[in-house]
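K.L.:
Dropping in target_10.txt, which is compact mmCIF, C-alpha atoms:
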```txt
# COMPACT_ATOMS: atom_id res chain seq x y z
CA MET G 1385 -60.07 19.03 -8.74
CA ALA G 1386 -60.24 17.25 -12.09
CA THR G 1387 -62.65 14.34 -12.65
CA TYR G 1388 -61.42 11.19 -14.38
CA ILE G 1389 -63.79 8.33 -15.14
CA VAL G 1390 -62.49 5.02 -16.54
CA LEU G 1391 -65.16 3.25 -18.59
CA LEU G 1392 -64.55 -0.50 -18.83
CA GLY G 1393 -66.23 -3.01 -21.11
CA PRO G 1394 -65.39 -5.64 -23.74
CA PRO G 1395 -65.62 -5.07 -27.53
CA GLY G 1396 -69.24 -4.85 -28.71
CA VAL G 1397 -70.78 -3.83 -25.38
CA GLY G 1398 -71.52 -0.24 -26.50
CA LYS G 1399 -68.85 1.39 -24.35
CA GLY G 1400 -67.92 3.94 -27.01
CA THR G 1401 -71.52 5.14 -27.37
CA GLN G 1402 -71.88 5.58 -23.62
CA ALA G 1403 -68.50 7.33 -23.36
CA ARG G 1404 -69.60 9.93 -25.92
CA ILE G 1405 -72.89 10.51 -24.07
CA LEU G 1406 -71.10 10.86 -20.73
CA ALA G 1407 -68.56 13.27 -22.24
CA GLU G 1408 -71.33 15.46 -23.70
CA THR G 1409 -73.27 15.43 -20.43
CA SER G 1410 -70.30 16.10 -18.16
CA LYS G 1411 -68.44 18.42 -20.60
CA LEU G 1412 -65.29 16.34 -19.98
CA ALA G 1413 -62.90 15.32 -22.76
CA HIS G 1414 -63.55 11.90 -24.32
CA ILE G 1415 -60.34 9.92 -24.74
CA SER G 1416 -60.85 6.78 -26.79
CA SER G 1417 -57.76 4.61 -27.19
CA GLY G 1418 -59.46 2.98 -30.20
CA ASP G 1419 -60.00 6.36 -31.90
CA LEU G 1420 -56.41 7.36 -31.21
CA PHE G 1421 -55.16 4.08 -32.68
CA ARG G 1422 -57.38 4.46 -35.77
CA GLU G 1423 -56.17 8.05 -36.25
CA ASN G 1424 -52.56 6.86 -36.22
CA ILE G 1425 -53.38 3.98 -38.58
CA LYS G 1426 -55.19 6.31 -41.01
CA ASN G 1427 -52.26 8.76 -40.97
CA GLN G 1428 -49.82 5.85 -41.38
CA THR G 1429 -47.64 7.00 -38.53
CA GLU G 1430 -44.95 4.68 -37.23
CA LEU G 1431 -47.17 3.90 -34.24
CA GLY G 1432 -50.10 3.32 -36.60
CA LYS G 1433 -48.20 0.75 -38.64
CA GLN G 1434 -47.24 -1.18 -35.50
CA VAL G 1435 -50.78 -1.02 -34.13
CA LYS G 1436 -52.40 -2.17 -37.39
CA ALA G 1437 -50.23 -5.29 -37.57
CA ILE G 1438 -51.16 -6.15 -33.98
CA LEU G 1439 -54.91 -5.50 -34.32
CA ASP G 1440 -55.15 -7.44 -37.59
CA LYS G 1441 -54.04 -10.52 -35.64
CA GLY G 1442 -56.72 -9.92 -32.98
CA GLU G 1443 -54.19 -9.12 -30.28
CA LEU G 1444 -54.10 -6.23 -27.80
CA VAL G 1445 -51.62 -3.39 -28.26
CA PRO G 1446 -48.66 -3.65 -25.81
CA ASP G 1447 -48.65 -1.47 -22.70
CA ASP G 1448 -45.69 0.71 -23.66
CA LEU G 1449 -47.23 1.83 -26.98
CA THR G 1450 -50.63 2.47 -25.42
CA ILE G 1451 -49.27 4.34 -22.38
CA SER G 1452 -47.13 6.61 -24.54
CA MET G 1453 -50.11 7.56 -26.71
CA ILE G 1454 -52.44 8.19 -23.76
CA ARG G 1455 -49.82 10.22 -21.89
CA ASP G 1456 -49.53 12.57 -24.87
CA ARG G 1457 -53.34 12.93 -25.07
CA ILE G 1458 -53.88 13.59 -21.35
CA SER G 1459 -51.28 16.36 -21.42
CA LYS G 1460 -53.51 18.42 -23.77
CA PRO G 1461 -55.33 21.52 -22.40
CA ASP G 1462 -58.84 20.08 -22.89
CA CYS G 1463 -58.09 17.48 -20.18
CA GLU G 1464 -57.41 20.01 -17.43
CA LEU G 1465 -60.89 19.46 -15.92
CA GLY G 1466 -60.72 15.70 -16.43
CA ALA G 1467 -61.78 13.11 -18.99
CA ILE G 1468 -63.83 10.04 -19.80
CA LEU G 1469 -61.29 7.29 -20.56
CA ASP G 1470 -62.65 4.73 -23.02
CA GLY G 1471 -60.51 1.64 -23.70
CA PHE G 1472 -57.70 2.58 -21.33
CA PRO G 1473 -56.43 1.24 -18.98
CA ARG G 1474 -56.79 -2.47 -19.79
CA THR G 1475 -54.24 -3.95 -17.38
CA PRO G 1476 -53.12 -3.19 -13.81
CA THR G 1477 -49.81 -1.97 -15.27
CA GLN G 1478 -51.67 0.57 -17.40
CA ALA G 1479 -53.79 1.56 -14.38
CA GLU G 1480 -50.65 2.30 -12.38
CA ALA G 1481 -49.24 4.33 -15.29
CA LEU G 1482 -52.52 6.28 -15.43
CA ASP G 1483 -52.33 7.02 -11.69
CA ASP G 1484 -48.80 8.40 -12.20
CA MET G 1485 -49.92 10.57 -15.14
CA LEU G 1486 -52.91 12.04 -13.27
CA ALA G 1487 -50.80 12.80 -10.20
CA GLU G 1488 -48.22 14.50 -12.41
CA PHE G 1489 -50.51 16.52 -14.67
CA SER G 1490 -53.37 17.52 -12.36
CA ASP G 1491 -52.75 16.15 -8.86
CA SER G 1492 -55.85 13.97 -9.44
CA GLU G 1493 -56.89 10.33 -9.38
CA VAL G 1494 -59.46 8.06 -11.02
CA ASN G 1495 -62.84 8.90 -9.45
CA ALA G 1496 -65.04 6.02 -10.66
CA VAL G 1497 -64.88 2.95 -12.91
CA PRO G 1498 -68.18 1.88 -14.51
CA TYR G 1499 -67.89 -1.68 -15.91
CA ILE G 1500 -70.39 -2.45 -18.70
CA THR G 1501 -70.53 -6.10 -19.64
CA ALA G 1502 -72.54 -8.85 -21.39
CA ALA G 1503 -72.28 -12.52 -22.36
CA GLU G 1504 -69.65 -13.46 -24.98
CA SER G 1505 -72.29 -14.61 -27.52
CA VAL G 1506 -74.05 -11.23 -27.37
CA LEU G 1507 -70.77 -9.37 -27.75
CA VAL G 1508 -69.67 -11.42 -30.79
CA GLU G 1509 -72.98 -10.78 -32.56
CA ARG G 1510 -72.77 -7.05 -31.90
CA ALA G 1511 -69.10 -6.53 -32.77
CA SER G 1512 -68.80 -8.86 -35.78
CA GLY G 1513 -71.76 -7.25 -37.52
CA ARG G 1514 -70.04 -3.86 -37.77
CA TRP G 1515 -69.29 -2.36 -41.19
CA THR G 1516 -67.51 0.93 -41.90
CA CYS G 1517 -67.70 3.41 -44.81
CA LYS G 1518 -64.38 3.96 -46.58
CA ALA G 1519 -64.67 7.74 -46.98
CA GLN G 1520 -65.59 9.10 -43.54
CA GLY G 1521 -65.70 6.06 -41.27
CA HIS G 1522 -69.47 6.09 -40.65
CA ILE G 1523 -70.44 2.93 -38.75
CA TYR G 1524 -73.22 0.48 -39.66
CA HIS G 1525 -74.36 -2.89 -38.32
CA GLU G 1526 -75.73 -5.63 -40.57
CA LYS G 1527 -78.48 -6.46 -38.06
CA PHE G 1528 -79.09 -3.40 -35.89
CA ASN G 1529 -78.25 -0.51 -38.25
CA PRO G 1530 -77.78 -1.64 -41.88
CA PRO G 1531 -77.30 0.93 -44.69
CA LYS G 1532 -80.43 1.51 -46.80
CA GLN G 1533 -78.60 0.16 -49.84
CA ALA G 1534 -76.35 -2.84 -49.20
CA GLY G 1535 -72.67 -1.93 -49.37
CA ILE G 1536 -73.29 1.83 -49.78
CA CYS G 1537 -73.00 4.51 -47.09
CA ASP G 1538 -76.26 6.42 -46.55
CA ILE G 1539 -74.40 9.65 -45.81
CA ASP G 1540 -71.66 10.00 -48.44
CA GLY G 1541 -72.34 7.18 -50.92
CA SER G 1542 -68.94 5.55 -50.46
CA GLU G 1543 -68.33 1.80 -50.23
CA VAL G 1544 -69.12 0.13 -46.91
CA TYR G 1545 -66.70 -2.63 -45.92
CA GLN G 1546 -65.82 -4.84 -42.95
CA ARG G 1547 -62.46 -4.17 -41.34
CA GLU G 1548 -60.21 -7.14 -40.57
CA ASP G 1549 -60.58 -6.55 -36.83
CA ASP G 1550 -64.41 -6.63 -37.12
CA LYS G 1551 -64.60 -10.13 -38.67
CA VAL G 1552 -66.12 -12.83 -36.48
CA GLU G 1553 -62.93 -14.87 -35.96
CA THR G 1554 -60.92 -11.81 -34.97
CA VAL G 1555 -63.73 -10.41 -32.80
CA THR G 1556 -64.14 -13.71 -30.91
CA LYS G 1557 -60.43 -13.88 -30.19
CA ARG G 1558 -60.31 -10.21 -29.17
CA ILE G 1559 -63.20 -10.62 -26.73
CA ARG G 1560 -61.61 -13.66 -25.10
CA VAL G 1561 -58.25 -11.92 -24.88
CA TYR G 1562 -60.01 -8.90 -23.37
CA PHE G 1563 -61.62 -10.94 -20.59
CA GLU G 1564 -58.41 -12.87 -19.88
CA GLN G 1565 -56.24 -9.76 -19.68
CA THR G 1566 -58.74 -7.33 -18.17
CA MET G 1567 -60.21 -9.35 -15.28
CA PRO G 1568 -57.19 -8.48 -13.07
CA LEU G 1569 -57.95 -4.80 -13.78
CA VAL G 1570 -61.61 -5.27 -12.87
CA GLU G 1571 -60.51 -6.86 -9.60
CA HIS G 1572 -57.97 -4.05 -9.07
CA TYR G 1573 -60.67 -1.36 -9.21
CA GLU G 1574 -63.17 -3.48 -7.27
CA VAL G 1575 -60.72 -3.78 -4.38
CA ALA G 1576 -60.17 -0.02 -4.58
CA GLY G 1577 -63.93 0.49 -4.18
CA LYS G 1578 -64.26 2.32 -7.51
CA LEU G 1579 -65.97 -0.31 -9.68
CA ILE G 1580 -69.62 0.17 -10.73
CA LYS G 1581 -71.17 -2.83 -12.55
CA ILE G 1582 -73.68 -2.07 -15.32
CA ASP G 1583 -75.69 -4.63 -17.35
CA GLY G 1584 -74.78 -3.95 -20.99
CA THR G 1585 -77.56 -6.13 -22.45
CA GLN G 1586 -80.13 -3.45 -21.58
CA PRO G 1587 -81.32 -0.85 -24.13
CA VAL G 1588 -78.83 1.98 -24.71
CA GLU G 1589 -81.09 4.51 -22.95
CA GLN G 1590 -81.34 2.38 -19.81
CA VAL G 1591 -77.59 1.85 -19.67
CA THR G 1592 -77.14 5.62 -19.96
CA LYS G 1593 -79.70 6.26 -17.21
CA GLU G 1594 -77.92 3.87 -14.81
CA LEU G 1595 -74.52 5.35 -15.62
CA LEU G 1596 -75.64 8.93 -15.02
CA ALA G 1597 -77.33 7.96 -11.75
CA ALA G 1598 -74.29 6.08 -10.49
CA LEU G 1599 -71.85 8.83 -11.45
CA LYS G 1600 -74.14 11.68 -10.39
CA ILE G 1601 -73.47 13.73 -13.55
```
Since I need it in another form, could you write the structure as structure tokens?

P.N.:
Amino acid sequence: MATYIVLLGPPGVGKGTQARILAETSKLAHISSGDLFRENIKNQTELGKQVKAILDKGELVPDDLTISMIRDRISKPDCELGAILDGFPRTPTQAEALDDMLAEFSDSEVNAVPYITAAESVLVERASGRWTCKAQGHIYHEKFNPPKQAGICDIDGSEVYQREDDKVETVTKRIRVYFEQTMPLVEHYEVAGKLIKIDGTQPVEQVTKELLAALKI
């Protein structure tokens, strides 16, 4: 039986970091909707162009585009044993689509839904301080992880810049939109008895420890 874990949490809560740790520990595939979107944007696919225009305005990508992309990813061989889903689903409609996909591809279902969260002010500070290197996409933070030389990537020496969707105005809007649109999903999984609440203001190591204990992996 495959194992599918849906990791929920607003922008800036450190969900991506925890998803990678969980994937390495469990040996399950890590499916990040954000990474898939960025890959399409970088490759300037038709989907990527549509997604970029939406994200630049601080809005969430529509269900049909997101579902199509995730469906293609879950059908890949490395998901046969399951996956850590990071950034998907975000609405009850997407959750229902995910249930249909898992039943079709592996006769499975979502096993657990850890929900990492924090206050809006903390999230805005974390997310709006993010800067990215132009060459390889290495991530820095102006407060928590600044490059040694301002504006220059420590690893490859390329320019470090702030993406449009990492600027404070866009981040604030995105976080508010996330909470507005995702609370029904949180309630959906809570009613199903699959939600596990985790305090995202704790140190990364403590969040990891609580996740591993709750998921027993």

K.L.:
Counting all atoms listed in the file, figure out which residue out of G:Tyr1499, G:Asp1483, G:Lys1436, G:Arg1558 gets nearest to G:Ala1403.

P.N.:
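Comparing G:Tyr1499, G:Asp1483, G:Lys1436, G:Arg1558 against G:Ala1403, the winner is G:Tyr1499.
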
K.L.:
For a test of reading the model, state the distance in Å between atom CA of G:Lys1399 and atom CA of G:Gly1471, rounded to one decimal.

P.N.:
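Rounded to one decimal, the two atoms are 8.4 Å apart.
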
K.L.:
For the atom pair atom CA of G:Asp1583 and atom CA of G:Lys1411, what is the interatomic distance in Å to one decimal place?

P.N.:
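According to the coordinates, atom CA of G:Asp1583 and atom CA of G:Lys1411 are separated by 24.4 Å.
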
K.L.:
Just checking: using all atoms listed in the file, which residue out of G:Asp1419, G:Asp1470, G:Glu1493, G:Glu1488 ends up closest to G:Gly1432?

P.N.:
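Counting all atoms listed in the file, the residue closest to G:Gly1432 is G:Asp1419.
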
K.L.:
Ranking G:Glu1526, G:Asp1462, G:Glu1443, G:Asp1456 by minimum distance to G:Met1485 and counting only C-alpha atoms, which one comes first?

P.N.:
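Closest residue, counting only C-alpha atoms: G:Asp1456.
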
K.L.:
Provide the atom CA of G:His1572 to atom CA of G:Glu1480 distance in Å, to one decimal place.

P.N.:
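According to the coordinates, atom CA of G:His1572 and atom CA of G:Glu1480 are separated by 10.2 Å.
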
K.L.:
Name the closest residue to G:Ser1417 among the candidates G:Gln1533, G:Thr1387, G:Thr1585, G:Ser1452; distances are taken between atoms, counting all atoms listed in the file.

P.N.:
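That would be G:Ser1452, the residue with the smallest distance to G:Ser1417.
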
K.L.:
Which one is closest to G:Glu1430: G:Leu1507, G:Leu1449, G:Val1570, G:Ile1389? Count all atoms listed in the file.

P.N.:
G:Leu1449

K.L.:
Hey, which of G:Tyr1545, G:Tyr1562, G:Tyr1573, G:Tyr1388 ends up closest to G:Val1445? Count all atoms listed in the file.

P.N.:
G:Tyr1562

K.L.:
Just the residues within 10 Å of G:Ala1479, please, counting all atoms listed in the file, with nothing from its chain fewer than 2 positions along; format it as a PyMOL selection string.

P.N.:
chain G and resi 1390+1451+1472-1477+1481-1485+1494+1569+1572-1573

K.L.:
Might you pull out every residue within 12 Å of G:Leu1596, with all atoms listed in the file counted and same-chain residues fewer than 6 positions away left off, and present them as an NGL selection string?

P.N.:
:G and (1389 or 1402-1403 or 1405-1410 or 1496 or 1498 or 1580 or 1582 or 1589-1590)

K.L.:
Could you list, as an MDAnalysis selection string, every residue within 12 Å of G:Pro1461, counting all atoms listed in the file and ignoring same-chain residues fewer than 3 positions away?

P.N.:
chainID G and resid 1412:1413 1456:1458 1464:1467 1489:1490

K.L.:
Using all atoms listed in the file - which residues lie no farther than 12 Å from the point (-54.1, -11.9, -24.5) in the file's frame? Write them as a ChimeraX atom specification.

P.N.:
/G:1438-1439,1441-1447,1474-1475,1557-1567

K.L.:
Any chance you can output those residues with C-alpha atoms as a PDB file, in the frame of the given file?

P.N.:
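That gives us out.pdb:
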```pdb
ATOM      1  CA  ILE G1438     -51.160  -6.150 -33.980  1.00  0.00           C
ATOM      2  CA  LEU G1439     -54.910  -5.500 -34.320  1.00  0.00           C
ATOM      3  CA  LYS G1441     -54.040 -10.520 -35.640  1.00  0.00           C
ATOM      4  CA  GLY G1442     -56.720  -9.920 -32.980  1.00  0.00           C
ATOM      5  CA  GLU G1443     -54.190  -9.120 -30.280  1.00  0.00           C
ATOM      6  CA  LEU G1444     -54.100  -6.230 -27.800  1.00  0.00           C
ATOM      7  CA  VAL G1445     -51.620  -3.390 -28.260  1.00  0.00           C
ATOM      8  CA  PRO G1446     -48.660  -3.650 -25.810  1.00  0.00           C
ATOM      9  CA  ASP G1447     -48.650  -1.470 -22.700  1.00  0.00           C
ATOM     10  CA  ARG G1474     -56.790  -2.470 -19.790  1.00  0.00           C
ATOM     11  CA  THR G1475     -54.240  -3.950 -17.380  1.00  0.00           C
ATOM     12  CA  LYS G1557     -60.430 -13.880 -30.190  1.00  0.00           C
ATOM     13  CA  ARG G1558     -60.310 -10.210 -29.170  1.00  0.00           C
ATOM     14  CA  ILE G1559     -63.200 -10.620 -26.730  1.00  0.00           C
ATOM     15  CA  ARG G1560     -61.610 -13.660 -25.100  1.00  0.00           C
ATOM     16  CA  VAL G1561     -58.250 -11.920 -24.880  1.00  0.00           C
ATOM     17  CA  TYR G1562     -60.010  -8.900 -23.370  1.00  0.00           C
ATOM     18  CA  PHE G1563     -61.620 -10.940 -20.590  1.00  0.00           C
ATOM     19  CA  GLU G1564     -58.410 -12.870 -19.880  1.00  0.00           C
ATOM     20  CA  GLN G1565     -56.240  -9.760 -19.680  1.00  0.00           C
ATOM     21  CA  THR G1566     -58.740  -7.330 -18.170  1.00  0.00           C
ATOM     22  CA  MET G1567     -60.210  -9.350 -15.280  1.00  0.00           C
TER      23      MET G1567
END
```

K.L.:
Can you fill out stretch 1542-1578 of chain G with N, CA and C atoms and hand it back as a PDB file, in the frame of the given file?

P.N.:
```pdb
ATOM      1  N   SER G1542     -70.164   6.324 -50.241  1.00  0.00           N
ATOM      2  CA  SER G1542     -68.940   5.550 -50.460  1.00  0.00           C
ATOM      3  C   SER G1542     -69.191   4.067 -50.152  1.00  0.00           C
ATOM      4  N   GLU G1543     -68.208   3.236 -50.474  1.00  0.00           N
ATOM      5  CA  GLU G1543     -68.330   1.800 -50.230  1.00  0.00           C
ATOM      6  C   GLU G1543     -68.281   1.508 -48.727  1.00  0.00           C
ATOM      7  N   VAL G1544     -69.123   0.573 -48.292  1.00  0.00           N
ATOM      8  CA  VAL G1544     -69.120   0.130 -46.910  1.00  0.00           C
ATOM      9  C   VAL G1544     -68.423  -1.236 -46.866  1.00  0.00           C
ATOM     10  N   TYR G1545     -67.459  -1.388 -45.977  1.00  0.00           N
ATOM     11  CA  TYR G1545     -66.700  -2.630 -45.920  1.00  0.00           C
ATOM     12  C   TYR G1545     -66.523  -3.088 -44.470  1.00  0.00           C
ATOM     13  N   GLN G1546     -66.085  -4.327 -44.295  1.00  0.00           N
ATOM     14  CA  GLN G1546     -65.820  -4.840 -42.950  1.00  0.00           C
ATOM     15  C   GLN G1546     -64.323  -4.886 -42.717  1.00  0.00           C
ATOM     16  N   ARG G1547     -63.872  -4.184 -41.673  1.00  0.00           N
ATOM     17  CA  ARG G1547     -62.460  -4.170 -41.340  1.00  0.00           C
ATOM     18  C   ARG G1547     -62.030  -5.554 -40.860  1.00  0.00           C
ATOM     19  N   GLU G1548     -60.746  -5.842 -41.002  1.00  0.00           N
ATOM     20  CA  GLU G1548     -60.210  -7.140 -40.570  1.00  0.00           C
ATOM     21  C   GLU G1548     -60.511  -7.396 -39.095  1.00  0.00           C
ATOM     22  N   ASP G1549     -60.383  -6.352 -38.266  1.00  0.00           N
ATOM     23  CA  ASP G1549     -60.580  -6.550 -36.830  1.00  0.00           C
ATOM     24  C   ASP G1549     -62.052  -6.581 -36.426  1.00  0.00           C
ATOM     25  N   ASP G1550     -62.985  -6.491 -37.406  1.00  0.00           N
ATOM     26  CA  ASP G1550     -64.410  -6.630 -37.120  1.00  0.00           C
ATOM     27  C   ASP G1550     -64.964  -7.974 -37.592  1.00  0.00           C
ATOM     28  N   LYS G1551     -64.137  -8.822 -38.205  1.00  0.00           N
ATOM     29  CA  LYS G1551     -64.600 -10.130 -38.670  1.00  0.00           C
ATOM     30  C   LYS G1551     -64.754 -11.073 -37.486  1.00  0.00           C
ATOM     31  N   VAL G1552     -65.694 -12.026 -37.621  1.00  0.00           N
ATOM     32  CA  VAL G1552     -66.120 -12.830 -36.480  1.00  0.00           C
ATOM     33  C   VAL G1552     -64.969 -13.581 -35.794  1.00  0.00           C
ATOM     34  N   GLU G1553     -64.045 -14.124 -36.572  1.00  0.00           N
ATOM     35  CA  GLU G1553     -62.930 -14.870 -35.960  1.00  0.00           C
ATOM     36  C   GLU G1553     -62.061 -13.952 -35.121  1.00  0.00           C
ATOM     37  N   THR G1554     -61.761 -12.762 -35.683  1.00  0.00           N
ATOM     38  CA  THR G1554     -60.920 -11.810 -34.970  1.00  0.00           C
ATOM     39  C   THR G1554     -61.634 -11.246 -33.747  1.00  0.00           C
ATOM     40  N   VAL G1555     -62.930 -10.952 -33.904  1.00  0.00           N
ATOM     41  CA  VAL G1555     -63.730 -10.410 -32.800  1.00  0.00           C
ATOM     42  C   VAL G1555     -63.785 -11.400 -31.642  1.00  0.00           C
ATOM     43  N   THR G1556     -64.054 -12.683 -31.959  1.00  0.00           N
ATOM     44  CA  THR G1556     -64.140 -13.710 -30.910  1.00  0.00           C
ATOM     45  C   THR G1556     -62.840 -13.793 -30.132  1.00  0.00           C
ATOM     46  N   LYS G1557     -61.732 -13.797 -30.850  1.00  0.00           N
ATOM     47  CA  LYS G1557     -60.430 -13.880 -30.190  1.00  0.00           C
ATOM     48  C   LYS G1557     -60.189 -12.635 -29.333  1.00  0.00           C
ATOM     49  N   ARG G1558     -60.557 -11.461 -29.884  1.00  0.00           N
ATOM     50  CA  ARG G1558     -60.310 -10.210 -29.170  1.00  0.00           C
ATOM     51  C   ARG G1558     -61.114 -10.147 -27.868  1.00  0.00           C
ATOM     52  N   ILE G1559     -62.354 -10.635 -27.915  1.00  0.00           N
ATOM     53  CA  ILE G1559     -63.200 -10.620 -26.730  1.00  0.00           C
ATOM     54  C   ILE G1559     -62.630 -11.540 -25.653  1.00  0.00           C
ATOM     55  N   ARG G1560     -62.176 -12.717 -26.069  1.00  0.00           N
ATOM     56  CA  ARG G1560     -61.610 -13.660 -25.100  1.00  0.00           C
ATOM     57  C   ARG G1560     -60.307 -13.130 -24.503  1.00  0.00           C
ATOM     58  N   VAL G1561     -59.492 -12.526 -25.361  1.00  0.00           N
ATOM     59  CA  VAL G1561     -58.250 -11.920 -24.880  1.00  0.00           C
ATOM     60  C   VAL G1561     -58.564 -10.793 -23.901  1.00  0.00           C
ATOM     61  N   TYR G1562     -59.607 -10.012 -24.234  1.00  0.00           N
ATOM     62  CA  TYR G1562     -60.010  -8.900 -23.370  1.00  0.00           C
ATOM     63  C   TYR G1562     -60.343  -9.404 -21.960  1.00  0.00           C
ATOM     64  N   PHE G1563     -61.219 -10.423 -21.892  1.00  0.00           N
ATOM     65  CA  PHE G1563     -61.620 -10.940 -20.590  1.00  0.00           C
ATOM     66  C   PHE G1563     -60.436 -11.517 -19.827  1.00  0.00           C
ATOM     67  N   GLU G1564     -59.575 -12.261 -20.540  1.00  0.00           N
ATOM     68  CA  GLU G1564     -58.410 -12.870 -19.880  1.00  0.00           C
ATOM     69  C   GLU G1564     -57.474 -11.806 -19.300  1.00  0.00           C
ATOM     70  N   GLN G1565     -57.214 -10.765 -20.091  1.00  0.00           N
ATOM     71  CA  GLN G1565     -56.240  -9.760 -19.680  1.00  0.00           C
ATOM     72  C   GLN G1565     -56.819  -8.659 -18.804  1.00  0.00           C
ATOM     73  N   THR G1566     -58.143  -8.464 -18.875  1.00  0.00           N
ATOM     74  CA  THR G1566     -58.740  -7.330 -18.170  1.00  0.00           C
ATOM     75  C   THR G1566     -59.328  -7.701 -16.813  1.00  0.00           C
ATOM     76  N   MET G1567     -59.632  -8.973 -16.576  1.00  0.00           N
ATOM     77  CA  MET G1567     -60.210  -9.350 -15.280  1.00  0.00           C
ATOM     78  C   MET G1567     -59.339  -8.907 -14.089  1.00  0.00           C
ATOM     79  N   PRO G1568     -58.001  -9.002 -14.189  1.00  0.00           N
ATOM     80  CA  PRO G1568     -57.190  -8.480 -13.070  1.00  0.00           C
ATOM     81  C   PRO G1568     -57.413  -6.985 -12.834  1.00  0.00           C
ATOM     82  N   LEU G1569     -57.691  -6.241 -13.909  1.00  0.00           N
ATOM     83  CA  LEU G1569     -57.950  -4.800 -13.780  1.00  0.00           C
ATOM     84  C   LEU G1569     -59.301  -4.566 -13.105  1.00  0.00           C
ATOM     85  N   VAL G1570     -60.297  -5.358 -13.493  1.00  0.00           N
ATOM     86  CA  VAL G1570     -61.610  -5.270 -12.870  1.00  0.00           C
ATOM     87  C   VAL G1570     -61.487  -5.511 -11.362  1.00  0.00           C
ATOM     88  N   GLU G1571     -60.730  -6.545 -11.014  1.00  0.00           N
ATOM     89  CA  GLU G1571     -60.510  -6.860  -9.600  1.00  0.00           C
ATOM     90  C   GLU G1571     -59.742  -5.745  -8.888  1.00  0.00           C
ATOM     91  N   HIS G1572     -58.781  -5.152  -9.612  1.00  0.00           N
ATOM     92  CA  HIS G1572     -57.970  -4.050  -9.070  1.00  0.00           C
ATOM     93  C   HIS G1572     -58.868  -2.886  -8.648  1.00  0.00           C
ATOM     94  N   TYR G1573     -59.802  -2.494  -9.521  1.00  0.00           N
ATOM     95  CA  TYR G1573     -60.670  -1.360  -9.210  1.00  0.00           C
ATOM     96  C   TYR G1573     -61.784  -1.737  -8.234  1.00  0.00           C
ATOM     97  N   GLU G1574     -62.158  -3.024  -8.228  1.00  0.00           N
ATOM     98  CA  GLU G1574     -63.170  -3.480  -7.270  1.00  0.00           C
ATOM     99  C   GLU G1574     -62.612  -3.400  -5.854  1.00  0.00           C
ATOM    100  N   VAL G1575     -61.382  -3.841  -5.686  1.00  0.00           N
ATOM    101  CA  VAL G1575     -60.720  -3.780  -4.380  1.00  0.00           C
ATOM    102  C   VAL G1575     -60.564  -2.323  -3.924  1.00  0.00           C
ATOM    103  N   ALA G1576     -60.334  -1.446  -4.897  1.00  0.00           N
ATOM    104  CA  ALA G1576     -60.170  -0.020  -4.580  1.00  0.00           C
ATOM    105  C   ALA G1576     -61.503   0.668  -4.287  1.00  0.00           C
ATOM    106  N   GLY G1577     -62.607  -0.070  -4.468  1.00  0.00           N
ATOM    107  CA  GLY G1577     -63.930   0.490  -4.180  1.00  0.00           C
ATOM    108  C   GLY G1577     -64.424   1.467  -5.232  1.00  0.00           C
ATOM    109  N   LYS G1578     -63.884   1.372  -6.459  1.00  0.00           N
ATOM    110  CA  LYS G1578     -64.260   2.320  -7.510  1.00  0.00           C
ATOM    111  C   LYS G1578     -65.095   1.709  -8.628  1.00  0.00           C
TER     112      LYS G1578
END
```
